[in-house]
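Coordinates as given in upload.cif (mmCIF, C-alpha atoms):
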data_run
#
loop_
_atom_site.label_atom_id
_atom_site.label_comp_id
_atom_site.auth_asym_id
_atom_site.auth_seq_id
_atom_site.Cartn_x
_atom_site.Cartn_y
_atom_site.Cartn_z
CA MET A 1 -11.04 3.38 26.01
CA ASN A 2 -10.04 4.50 22.53
CA GLU A 3 -12.54 5.14 19.77
CA LEU A 4 -12.16 1.87 17.95
CA ALA A 5 -12.47 -0.12 21.14
CA SER A 6 -15.65 1.81 21.88
CA VAL A 7 -16.97 1.04 18.42
CA LEU A 8 -16.25 -2.66 18.80
CA ALA A 9 -17.74 -2.72 22.27
CA ALA A 10 -20.88 -1.03 20.96
CA PHE A 11 -21.01 -3.52 18.13
CA TYR A 12 -20.85 -6.38 20.59
CA ASP A 13 -23.51 -4.83 22.79
CA ALA A 14 -25.83 -4.44 19.82
CA THR A 15 -25.22 -7.77 18.13
CA GLN A 16 -23.72 -10.14 20.69
CA CYS A 17 -21.17 -10.87 17.98
CA GLU A 18 -17.51 -10.11 18.11
CA ALA A 19 -15.76 -8.15 15.43
CA GLY A 20 -12.07 -7.80 14.85
CA VAL A 21 -10.34 -4.80 13.35
CA TRP A 22 -6.60 -4.71 12.93
CA MET A 23 -3.78 -3.49 10.77
CA GLN A 24 -2.00 -5.70 8.31
CA LEU A 25 1.07 -4.96 6.25
CA GLY A 26 0.21 -5.57 2.62
CA SER A 27 -3.04 -6.79 1.19
CA THR A 28 -3.89 -10.36 0.34
CA ASP A 29 -4.24 -11.30 -3.29
CA ALA A 30 -7.80 -10.55 -4.33
CA SER A 31 -7.66 -12.57 -7.50
CA PRO A 32 -10.16 -15.40 -7.81
CA THR A 33 -9.14 -18.38 -5.79
CA ASN A 34 -10.65 -21.53 -4.46
CA SER A 35 -9.11 -21.03 -1.07
CA PRO A 36 -10.50 -17.69 0.03
CA VAL A 37 -9.57 -16.14 3.29
CA CYS A 38 -13.07 -16.29 4.73
CA ALA A 39 -14.22 -19.60 3.42
CA SER A 40 -15.28 -20.86 6.80
CA VAL A 41 -17.52 -19.63 9.51
CA PRO A 42 -16.06 -19.86 12.98
CA ARG A 43 -17.93 -19.17 16.15
CA LEU A 44 -15.89 -16.67 18.05
CA ARG A 45 -16.75 -17.97 21.44
CA ASN A 46 -14.56 -19.51 24.08
CA ASP A 47 -15.87 -23.02 23.60
CA ALA A 48 -15.39 -22.87 19.86
CA ILE A 49 -11.97 -21.36 20.25
CA ALA A 50 -11.08 -24.27 22.46
CA ALA A 51 -11.94 -26.56 19.60
CA ALA A 52 -8.51 -25.75 18.20
CA ASN A 53 -9.55 -23.82 15.15
CA PRO A 54 -11.60 -26.53 13.44
CA PHE A 55 -12.28 -24.34 10.43
CA GLY A 56 -8.63 -23.86 9.65
CA TRP A 57 -8.59 -20.12 9.97
CA PRO A 58 -5.36 -18.24 10.18
CA GLU A 59 -4.29 -17.83 13.75
CA HIS A 60 -4.85 -14.08 13.76
CA SER A 61 -8.54 -14.44 13.09
CA ILE A 62 -9.28 -16.47 16.17
CA ALA A 63 -10.11 -14.39 19.18
CA THR A 64 -8.23 -15.26 22.31
CA SER A 65 -8.38 -13.92 25.80
CA THR A 66 -5.29 -11.94 25.00
CA PRO A 67 -4.46 -10.69 21.54
CA SER A 68 -2.36 -13.11 19.52
CA PRO A 69 1.08 -11.92 18.55
CA PRO A 70 1.15 -10.41 15.10
CA GLY A 71 1.75 -12.79 12.28
CA ARG A 72 2.05 -12.66 8.52
CA GLY A 73 3.13 -9.06 8.51
CA GLU A 74 0.44 -7.94 10.88
CA ARG A 75 0.71 -5.86 13.94
CA HIS A 76 -1.62 -5.01 16.71
CA ASP A 77 -1.12 -1.35 17.30
CA GLY A 78 -3.08 -1.04 20.48
CA VAL A 79 -5.85 0.75 18.68
CA SER A 80 -6.84 -2.18 16.59
CA ALA A 81 -6.71 -4.91 19.19
CA ARG A 82 -9.72 -7.12 19.24
CA VAL A 83 -12.17 -6.43 22.02
CA ARG A 84 -13.38 -9.29 24.09
CA ARG A 85 -15.78 -9.56 26.95
CA MET B 86 -9.09 3.42 -15.47
CA PRO B 87 -6.05 1.77 -13.89
CA ALA B 88 -6.19 -1.93 -13.26
CA ILE B 89 -8.00 -2.84 -10.11
CA ALA B 90 -5.15 -5.05 -9.06
CA ASP B 91 -2.86 -2.07 -8.49
CA LYS B 92 -0.36 -2.92 -5.85
CA GLN B 93 0.11 -0.91 -2.75
CA ARG B 94 3.20 1.02 -2.03
CA PRO B 95 5.67 -0.86 0.17
CA GLY B 96 4.88 -0.33 3.80
CA ASP B 97 1.29 0.65 3.20
CA GLU B 98 -1.05 -0.75 5.75
CA VAL B 99 -4.33 -2.48 5.30
CA ARG B 100 -7.12 -2.18 7.78
CA VAL B 101 -8.88 -5.49 8.17
CA VAL B 102 -12.38 -5.95 9.51
CA GLU B 103 -13.58 -9.44 10.25
CA VAL B 104 -16.87 -10.44 11.76
CA ASP B 105 -19.12 -13.43 11.93
CA ILE B 106 -22.86 -13.05 12.42
CA PRO B 107 -25.84 -15.37 12.58
CA SER B 108 -28.39 -15.06 9.80
CA ASP B 109 -30.32 -12.09 11.11
CA VAL B 110 -31.04 -9.15 8.88
CA ARG B 111 -31.19 -6.88 11.91
CA LEU B 112 -27.41 -7.18 12.16
CA ILE B 113 -26.71 -5.97 8.65
CA GLU B 114 -26.64 -2.30 9.47
CA ARG B 115 -24.09 -2.77 12.23
CA VAL B 116 -21.72 -4.73 10.03
CA VAL B 117 -22.05 -2.22 7.24
CA GLU B 118 -21.23 0.55 9.65
CA LEU B 119 -18.01 -1.17 10.71
CA VAL B 120 -16.80 -1.46 7.13
CA ARG B 121 -18.00 2.00 6.20
CA ARG B 122 -16.11 3.41 9.15
CA GLU B 123 -12.83 1.88 7.98
CA CYS B 124 -13.36 3.31 4.50
CA GLN B 125 -13.88 6.68 6.09
CA GLU B 126 -10.63 6.25 8.02
CA MET B 127 -8.90 5.64 4.69
CA ASP B 128 -10.37 8.79 3.16
CA TYR B 129 -12.61 7.18 0.60
CA ALA B 130 -14.81 9.54 -1.34
CA HIS B 131 -17.96 10.73 0.37
CA ARG B 132 -20.11 9.14 -2.29
CA GLN B 133 -18.37 5.81 -1.82
CA ILE B 134 -18.80 5.96 1.94
CA THR B 135 -22.41 6.98 1.85
CA LEU B 136 -23.65 5.13 -1.22
CA ASN B 137 -21.44 2.53 -2.90
CA VAL B 138 -20.15 0.69 0.15
CA PRO B 139 -23.27 0.64 2.32
CA VAL B 140 -25.71 -0.22 -0.44
CA ALA B 141 -23.57 -2.90 -2.08
CA LEU B 142 -22.61 -4.49 1.23
CA THR B 143 -26.18 -4.39 2.48
CA GLU B 144 -27.30 -6.20 -0.64
CA ALA B 145 -24.53 -8.78 -0.35
CA LEU B 146 -25.37 -9.43 3.29
CA SER B 147 -29.08 -9.70 2.69
CA ASN B 148 -28.45 -12.10 -0.18
CA ALA B 149 -26.20 -14.22 2.02
CA ILE B 150 -28.70 -14.29 4.88
CA LEU B 151 -31.95 -14.65 2.97
CA ARG B 152 -30.91 -16.59 -0.12
CA GLY B 153 -27.69 -18.31 0.84
CA ASN B 154 -28.56 -19.27 4.40
CA LEU B 155 -32.33 -19.23 3.81
CA ASP B 156 -32.79 -17.05 6.88
CA ASP B 157 -31.69 -19.93 9.09
CA PRO B 158 -30.31 -18.39 12.30
CA ALA B 159 -28.24 -21.49 12.92
CA LYS B 160 -26.21 -20.62 9.85
CA HIS B 161 -23.72 -17.82 9.89
CA VAL B 162 -22.40 -15.20 7.54
CA HIS B 163 -18.79 -14.22 7.65
CA VAL B 164 -17.49 -10.88 6.47
CA ARG B 165 -13.89 -9.94 5.88
CA ALA B 166 -13.00 -6.53 4.53
CA GLU B 167 -9.56 -5.26 3.65
CA VAL B 168 -9.34 -1.52 3.25
CA ASP B 169 -6.29 0.35 2.10
CA THR B 170 -5.50 3.51 0.26
CA VAL B 171 -6.03 1.85 -3.10
CA ARG B 172 -9.08 -0.31 -2.78
CA LEU B 173 -11.64 -2.04 -0.63
CA VAL B 174 -11.93 -5.80 -0.91
CA VAL B 175 -14.87 -7.19 0.99
CA GLU B 176 -15.91 -10.81 1.09
CA VAL B 177 -19.26 -12.10 2.30
CA ALA B 178 -19.37 -15.83 2.93
CA ASP B 179 -22.50 -17.84 3.58
CA GLU B 180 -23.31 -21.48 4.16
CA GLY B 181 -25.62 -21.85 1.21
CA ALA B 182 -25.55 -24.03 -1.85
CA GLY B 183 -24.17 -21.28 -4.03
CA PHE B 184 -25.53 -19.74 -7.17
CA ASP B 185 -24.60 -18.83 -10.71
CA LEU B 186 -23.52 -15.23 -10.69
CA ASP B 187 -23.99 -14.72 -14.40
CA ALA B 188 -27.36 -16.44 -14.52
CA SER B 189 -28.54 -14.51 -11.49
CA SER B 190 -27.43 -11.16 -12.83
CA ILE B 191 -30.28 -9.52 -14.66
CA ASP B 192 -30.88 -5.99 -15.78
CA PRO B 193 -34.01 -4.96 -13.89
CA THR B 194 -34.43 -1.94 -16.12
CA THR B 195 -35.29 -3.93 -19.23
CA PRO B 196 -39.00 -4.32 -20.08
CA GLY B 197 -38.97 -8.04 -19.44
CA ASN B 198 -37.50 -7.63 -15.98
CA VAL B 199 -38.95 -4.40 -14.75
CA ASN B 200 -41.69 -6.10 -12.78
CA ARG B 201 -39.48 -8.77 -11.29
CA GLU B 202 -38.79 -8.45 -7.60
CA ASP B 203 -35.59 -10.46 -7.63
CA GLY B 204 -32.23 -9.74 -9.16
CA ARG B 205 -31.89 -6.14 -8.13
CA GLY B 206 -29.35 -6.82 -5.42
CA LEU B 207 -26.70 -8.21 -7.73
CA PHE B 208 -27.45 -5.50 -10.25
CA LEU B 209 -26.84 -2.83 -7.63
CA MET B 210 -23.69 -4.50 -6.38
CA GLN B 211 -22.28 -4.65 -9.88
CA LYS B 212 -23.20 -1.07 -10.57
CA LEU B 213 -21.80 0.28 -7.33
CA MET B 214 -18.60 -1.75 -7.08
CA ASP B 215 -15.77 -2.09 -9.57
CA ARG B 216 -15.82 -5.85 -9.50
CA VAL B 217 -18.11 -8.54 -8.11
CA GLU B 218 -16.96 -12.14 -8.06
CA LEU B 219 -18.38 -15.38 -6.81
CA VAL B 220 -15.98 -17.78 -5.15
CA GLU B 221 -16.68 -21.27 -3.97
CA GLY B 222 -15.98 -21.50 -0.27
CA ALA B 223 -15.43 -24.42 2.02
CA ARG B 224 -18.91 -24.19 3.50
CA GLY B 225 -20.83 -22.21 0.97
CA SER B 226 -20.35 -19.41 -1.48
CA ILE B 227 -18.44 -16.19 -1.14
CA VAL B 228 -19.21 -12.94 -2.86
CA ARG B 229 -16.15 -10.78 -3.24
CA MET B 230 -16.54 -7.14 -4.10
CA ILE B 231 -13.76 -4.74 -4.97
CA LEU B 232 -13.99 -0.98 -5.02
CA ARG B 233 -11.17 1.34 -5.97
CA ARG B 234 -10.79 4.36 -3.75
CA GLU B 235 -11.63 7.64 -5.43
#
As structure tokens, how would this structure be written, given the file I've shared?
Amino acid sequence: MNELASVLAAFYDATQCEAGVWMQLGSTDASPTNSPVCASVPRLRNDAIAAANPFGWPEHSIATSTPSPPGRGERHDGVSARVRR
Amino acid sequence: MPAIADKQRPGDEVRVVEVDIPSDVRLIERVVELVRRECQEMDYAHRQITLNVPVALTEALSNAILRGNLDDPAKHVHVRAEVDTVRLVVEVADEGAGFDLDASSIDPTTPGNVNREDGRGLFLMQKLMDRVELVEGARGSIVRMILRRE
């Protein structure tokens, strides 16, 4: 298990919450906007995931049993893949 | 100082941290550590890693949990941080009714405010980060903080 995966696993063990860390090509615009990237609060659990993304998050931010393919200039480099239990 | 909105060089990568937690102040330290770690990976200055980021983010999270979500564990706080070689952009979203950033920002060092117990969090955030913004979110308010890498 690589270091980041260990960190995320430890985070989950301590909080029972899932965290995602990944690489993205290019930053999002940080200027003030009324449609921010984290405007909603999903529950990253299987039952909530099955609710077909009710909060309208970008696909990459929803945990799945296997990592989603990169989108919007993102890539999962193996180190940054989301850890799930 | 260069504009905060400096663009990255083409091909530069951004490390993104995203996490959703229930309103529980015991979780703050863990979230802060995740973001701090990514800043360290991007070679942010020691002072930024050990002071600016952890203190400002701790204050933002505690505000979101205690004031935004009123310590209601059924409500969640969402954090998204983008870290690159130029800047850190971290957003803390709660499910609260929102607040007036300007009206809530006081200088706790002035004689009239020195005994007040509130208002220090925003003051610290604004002192420690390059920019602090309030954004209206779909389910509450979002505090966005930007820090240029030194």
**OP:** Starting from the shown file, work through the PyMOL selection byres ((chain B) within 7 of (chain A)) and note down what comes out as number ranges by chain.
**Re:** B: 96-106, 112, 115, 161-163, 165, 178, 220-224
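CA of Ala188 in chain B to CA of Asn154 in chain B spans 19.2 Å [interatomic distance, one decimal].
Put simply, CA of Glu167 in chain B is 24.8 Å away from CA of Asp185 in chain B.
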Original post:
Applied to the shown file, which residues does the PyMOL selection byres ((chain B and resi 170) around 6) return, written as a ChimeraX atom specification?
Top reply: /B:127,169,171
Subject >> Exercise: range 133-135 of chain B partners within 6 Å, only C-alpha atoms, chain neighbours under 3 positions left out, as a ChimeraX atom specification >> reply: /B:121,130,138
Just want the 10 Å neighbourhood of Met214 in chain B, counted on all atoms listed in the file, with same-chain residues fewer than 4 positions away dropped. Output as a CSV table (one decimal) with C-alpha atoms, in the coordinates of the input.
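Resulting contents of out.csv:
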chain,number,residue,atom,x,y,z
B,133,GLN,CA,-18.4,5.8,-1.8
B,137,ASN,CA,-21.4,2.5,-2.9
B,138,VAL,CA,-20.2,0.7,0.2
B,140,VAL,CA,-25.7,-0.2,-0.4
B,141,ALA,CA,-23.6,-2.9,-2.1
B,142,LEU,CA,-22.6,-4.5,1.2
B,173,LEU,CA,-11.6,-2.0,-0.6
B,174,VAL,CA,-11.9,-5.8,-0.9
B,209,LEU,CA,-26.8,-2.8,-7.6
B,210,MET,CA,-23.7,-4.5,-6.4
B,230,MET,CA,-16.5,-7.1,-4.1
B,231,ILE,CA,-13.8,-4.7,-5.0
B,232,LEU,CA,-14.0,-1.0,-5.0
B,233,ARG,CA,-11.2,1.3,-6.0
Can you list, as an mmCIF file with C-alpha atoms, in the coordinates of the input, every protein, DNA or RNA residue that comes within 8 Å of Ile150 in chain B when you count only C-alpha atoms, leaving out same-chain residues fewer than 2 positions away?
data_model
loop_
_atom_site.group_PDB
_atom_site.id
_atom_site.type_symbol
_atom_site.label_atom_id
_atom_site.label_comp_id
_atom_site.auth_asym_id
_atom_site.auth_seq_id
_atom_site.Cartn_x
_atom_site.Cartn_y
_atom_site.Cartn_z
ATOM 1 C CA SER B 108 -28.390 -15.060 9.800
ATOM 2 C CA ASP B 109 -30.320 -12.090 11.110
ATOM 3 C CA VAL B 110 -31.040 -9.150 8.880
ATOM 4 C CA LEU B 146 -25.370 -9.430 3.290
ATOM 5 C CA SER B 147 -29.080 -9.700 2.690
ATOM 6 C CA ASN B 148 -28.450 -12.100 -0.180
ATOM 7 C CA ARG B 152 -30.910 -16.590 -0.120
ATOM 8 C CA GLY B 153 -27.690 -18.310 0.840
ATOM 9 C CA ASN B 154 -28.560 -19.270 4.400
ATOM 10 C CA LEU B 155 -32.330 -19.230 3.810
ATOM 11 C CA ASP B 156 -32.790 -17.050 6.880
ATOM 12 C CA ASP B 157 -31.690 -19.930 9.090
ATOM 13 C CA HIS B 161 -23.720 -17.820 9.890
ATOM 14 C CA VAL B 162 -22.400 -15.200 7.540
ATOM 15 C CA ASP B 179 -22.500 -17.840 3.580
#
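We find CA of Gly183 in chain B and CA of Ser226 in chain B to be spaced 5.0 Å apart.
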